[in-house]
$ cat my_file-v5.cif   # mmCIF, C-alpha atoms
data_final
loop_
_atom_site.group_PDB
_atom_site.id
_atom_site.type_symbol
_atom_site.label_atom_id
_atom_site.label_comp_id
_atom_site.auth_asym_id
_atom_site.auth_seq_id
_atom_site.Cartn_x
_atom_site.Cartn_y
_atom_site.Cartn_z
ATOM 1 C CA PRO A 111 0.000 0.000 0.000
ATOM 2 C CA HIS A 112 2.920 2.402 -0.588
ATOM 3 C CA PRO A 113 1.741 5.718 -2.064
ATOM 4 C CA HIS A 114 4.496 5.605 -4.728
ATOM 5 C CA PRO A 115 5.100 1.946 -5.580
ATOM 6 C CA LEU A 116 7.868 0.886 -7.949
ATOM 7 C CA SER A 117 7.395 -1.644 -10.701
ATOM 8 C CA PRO A 118 9.567 -4.771 -10.404
ATOM 9 C CA GLU A 119 11.652 -3.464 -13.304
ATOM 10 C CA ALA A 120 12.230 -0.093 -11.628
ATOM 11 C CA ALA A 121 13.008 -1.754 -8.281
ATOM 12 C CA ALA A 122 15.555 -4.279 -9.643
ATOM 13 C CA PRO A 123 18.571 -1.908 -9.638
ATOM 14 C CA HIS A 124 17.758 -0.900 -6.059
ATOM 15 C CA PHE A 125 17.867 -4.549 -4.926
ATOM 16 C CA THR A 126 21.327 -4.900 -6.458
ATOM 17 C CA GLU A 127 22.531 -1.646 -4.918
ATOM 18 C CA ALA A 128 21.238 -2.677 -1.479
ATOM 19 C CA ALA A 129 22.906 -6.093 -1.696
ATOM 20 C CA ASP A 130 26.203 -4.531 -2.792
ATOM 21 C CA ALA A 131 26.127 -2.090 0.139
ATOM 22 C CA ARG A 132 25.090 -4.801 2.591
ATOM 23 C CA ASP A 133 28.163 -6.989 1.974
ATOM 24 C CA PRO A 134 30.937 -4.643 3.193
ATOM 25 C CA ALA A 135 28.740 -3.283 5.982
ATOM 26 C CA GLY A 136 28.083 -6.844 7.115
ATOM 27 C CA GLU A 137 31.799 -7.645 7.155
ATOM 28 C CA ALA A 138 32.543 -4.569 9.272
ATOM 29 C CA LEU A 139 29.735 -5.527 11.626
ATOM 30 C CA LEU A 140 31.113 -9.062 12.016
ATOM 31 C CA MET A 141 34.540 -7.637 12.811
ATOM 32 C CA LEU A 142 33.484 -4.870 15.203
ATOM 33 C CA GLY A 143 30.023 -5.738 16.503
ATOM 34 C CA ALA A 144 29.232 -7.403 19.793
ATOM 35 C CA PRO A 145 27.698 -10.876 19.402
ATOM 36 C CA ASP A 146 24.212 -9.630 20.352
ATOM 37 C CA VAL A 147 24.449 -6.810 17.798
ATOM 38 C CA VAL A 148 25.493 -9.252 15.075
ATOM 39 C CA ASP A 149 22.672 -11.638 16.003
ATOM 40 C CA LYS A 150 20.077 -8.867 15.892
ATOM 41 C CA ALA A 151 21.472 -7.603 12.581
ATOM 42 C CA ARG A 152 21.166 -11.102 11.123
ATOM 43 C CA VAL A 153 17.477 -11.284 12.062
ATOM 44 C CA TRP A 154 16.851 -7.904 10.435
ATOM 45 C CA VAL A 155 18.797 -8.734 7.268
ATOM 46 C CA LEU A 156 17.101 -12.110 6.830
ATOM 47 C CA THR A 157 13.713 -10.426 7.141
ATOM 48 C CA VAL A 158 14.669 -7.845 4.522
ATOM 49 C CA ILE A 159 15.936 -10.610 2.204
ATOM 50 C CA GLU A 160 12.608 -12.403 2.647
ATOM 51 C CA MET A 161 10.830 -9.171 1.676
ATOM 52 C CA GLU A 162 13.057 -8.766 -1.387
ATOM 53 C CA ARG A 163 12.292 -12.345 -2.483
ATOM 54 C CA PHE A 164 8.563 -11.700 -1.987
ATOM 55 C CA LEU A 165 8.787 -8.676 -4.278
ATOM 56 C CA ARG A 166 10.970 -10.362 -6.895
ATOM 57 C CA ASP A 167 8.507 -13.248 -7.075
ATOM 58 C CA ASP A 168 5.800 -10.637 -7.748
ATOM 59 C CA THR A 169 3.680 -12.083 -4.939
ATOM 60 C CA ARG A 170 0.367 -10.344 -4.297
ATOM 61 C CA ASP A 171 -0.624 -10.948 -0.690
ATOM 62 C CA PRO A 172 -1.251 -7.747 1.305
ATOM 63 C CA GLY A 173 -1.653 -9.658 4.582
ATOM 64 C CA ALA A 174 1.660 -11.477 4.169
ATOM 65 C CA TRP A 175 3.373 -8.210 3.196
ATOM 66 C CA ALA A 176 1.954 -6.428 6.257
ATOM 67 C CA GLY A 177 3.271 -9.243 8.460
ATOM 68 C CA MET A 178 6.737 -9.037 6.910
ATOM 69 C CA LEU A 179 6.752 -5.266 7.231
ATOM 70 C CA GLU A 180 5.912 -5.528 10.928
ATOM 71 C CA ARG A 181 8.599 -8.222 11.467
ATOM 72 C CA GLN A 182 11.079 -5.939 9.707
ATOM 73 C CA ARG A 183 10.142 -3.041 11.997
ATOM 74 C CA VAL A 184 10.516 -5.203 15.098
ATOM 75 C CA ALA A 185 13.839 -6.630 13.863
ATOM 76 C CA ARG A 186 15.152 -3.138 13.097
ATOM 77 C CA GLN A 187 14.099 -1.969 16.552
ATOM 78 C CA GLY A 188 15.869 -4.961 18.120
ATOM 79 C CA TYR A 189 19.043 -4.236 16.159
ATOM 80 C CA TYR A 190 19.027 -0.541 17.073
ATOM 81 C CA ALA A 191 18.429 -1.363 20.745
ATOM 82 C CA ALA A 192 21.348 -3.843 20.725
ATOM 83 C CA VAL A 193 23.648 -1.245 19.130
ATOM 84 C CA ARG A 194 22.620 1.378 21.671
ATOM 85 C CA ARG A 195 23.240 -1.061 24.558
ATOM 86 C CA ASP A 196 26.632 -1.989 23.104
ATOM 87 C CA LEU A 197 27.588 1.691 22.852
ATOM 88 C CA ALA A 198 26.234 2.397 26.363
ATOM 89 C CA LEU A 199 23.676 4.874 25.004
ATOM 90 C CA PRO A 200 20.241 5.445 26.503
ATOM 91 C CA PRO A 201 17.272 3.777 24.796
ATOM 92 C CA GLY A 202 16.235 5.405 21.542
ATOM 93 C CA HIS A 203 12.961 5.867 19.746
ATOM 94 C CA SER A 204 11.125 2.728 18.597
ATOM 95 C CA GLY A 205 10.919 4.025 15.031
ATOM 96 C CA HIS A 206 7.245 3.085 14.878
ATOM 97 C CA TRP A 207 5.248 6.127 13.840
ATOM 98 C CA ALA A 208 1.499 6.166 13.519
ATOM 99 C CA VAL A 209 0.450 7.530 10.156
ATOM 100 C CA ASN A 210 -2.568 9.771 10.196
ATOM 101 C CA THR A 211 -4.262 9.746 6.788
ATOM 102 C CA ALA A 212 -6.372 12.808 7.596
ATOM 103 C CA SER A 213 -5.186 16.073 6.161
ATOM 104 C CA PRO A 214 -3.392 18.318 8.670
ATOM 105 C CA HIS A 215 -5.559 21.170 7.363
ATOM 106 C CA GLY A 216 -8.856 19.467 8.159
ATOM 107 C CA ASP A 217 -9.642 18.769 4.481
#
$ encode --input "my_file-v5.cif" --output "C-alpha cells"
Amino acid sequence: PHPHPLSPEAAAPHFTEAADARDPAGEALLMLGAPDVVDKARVWVLTVIEMERFLRDDTRDPGAWAGMLERQRVARQGYYAAVRRDLALPPGHSGHWAVNTASPHGD
C-alpha cells in the first residue's frame, strides 16, 4: 500500500545496490560488533531478504506483506536497541510512527 510503488523493473537496480552495500557493511559488523548486535542484525537482514524475495517473485498478498513489514520493523528496533546497549547509550525511539491519513488542514 505504498503511495508511490515501484514496478519490479524499476526496483531491480535498487535490490542490487542494497545487496552490494550490505556486503561490506556486514563484514565490518562481524569484525566490530558485539555478538548480540550481530545476532540482531542477522534477524533484520534475513527479514529484509525475505521481503526482497517476496517482491521479486511478484507475490500479491497484502496480509503477508503487512506481516513481513511488521517483522522488519521489530527486527530493526531490536538491532538498534542492541547497538545502543553496546555503545552504552540510553534507549532510543522505537521508530514506529502512527500515520494519520487525515489532512493536517482538516480537508
$ resolve_selection --input "my_file-v5.cif" --expression "the PyMOL selection byres ((chain A and resi 116-132) around 8)" --output "list in words"
His114, Pro115, Asp133, Pro134, Ala135, Gly136, Glu162, Leu165, Arg166 and Asp168 of chain A
$ residues_near_point --input "my_file-v5.cif" --point "(27.3, -12.1, 15.7)" --cutoff "12 Å" --atoms "all atoms listed in the file" --output "PDB file with C-alpha atoms, keeping the file's coordinate frame"
ATOM      1  CA  GLY A 136      28.083  -6.844   7.115  1.00  0.00           C
ATOM      2  CA  GLU A 137      31.799  -7.645   7.155  1.00  0.00           C
ATOM      3  CA  ALA A 138      32.543  -4.569   9.272  1.00  0.00           C
ATOM      4  CA  LEU A 139      29.735  -5.527  11.626  1.00  0.00           C
ATOM      5  CA  LEU A 140      31.113  -9.062  12.016  1.00  0.00           C
ATOM      6  CA  MET A 141      34.540  -7.637  12.811  1.00  0.00           C
ATOM      7  CA  LEU A 142      33.484  -4.870  15.203  1.00  0.00           C
ATOM      8  CA  GLY A 143      30.023  -5.738  16.503  1.00  0.00           C
ATOM      9  CA  ALA A 144      29.232  -7.403  19.793  1.00  0.00           C
ATOM     10  CA  PRO A 145      27.698 -10.876  19.402  1.00  0.00           C
ATOM     11  CA  ASP A 146      24.212  -9.630  20.352  1.00  0.00           C
ATOM     12  CA  VAL A 147      24.449  -6.810  17.798  1.00  0.00           C
ATOM     13  CA  VAL A 148      25.493  -9.252  15.075  1.00  0.00           C
ATOM     14  CA  ASP A 149      22.672 -11.638  16.003  1.00  0.00           C
ATOM     15  CA  LYS A 150      20.077  -8.867  15.892  1.00  0.00           C
ATOM     16  CA  ALA A 151      21.472  -7.603  12.581  1.00  0.00           C
ATOM     17  CA  ARG A 152      21.166 -11.102  11.123  1.00  0.00           C
ATOM     18  CA  VAL A 153      17.477 -11.284  12.062  1.00  0.00           C
ATOM     19  CA  TYR A 189      19.043  -4.236  16.159  1.00  0.00           C
ATOM     20  CA  ALA A 192      21.348  -3.843  20.725  1.00  0.00           C
ATOM     21  CA  VAL A 193      23.648  -1.245  19.130  1.00  0.00           C
TER      22      VAL A 193
END
$ residues_around --input "my_file-v5.cif" --residues "stretch 170-175 of chain A" --least-positions-apart "4" --cutoff "9 Å" --atoms "only C-alpha atoms" --output "list of chain:residue names"
A:Pro111, A:Met161, A:Phe164, A:Leu165, A:Leu179, A:Glu180
$ closest_residue --input "my_file-v5.cif" --among "A:Asp167, A:Glu160, A:Trp154, A:Ala208" --to "A:Arg183" --atoms "all atoms listed in the file"
A:Trp154
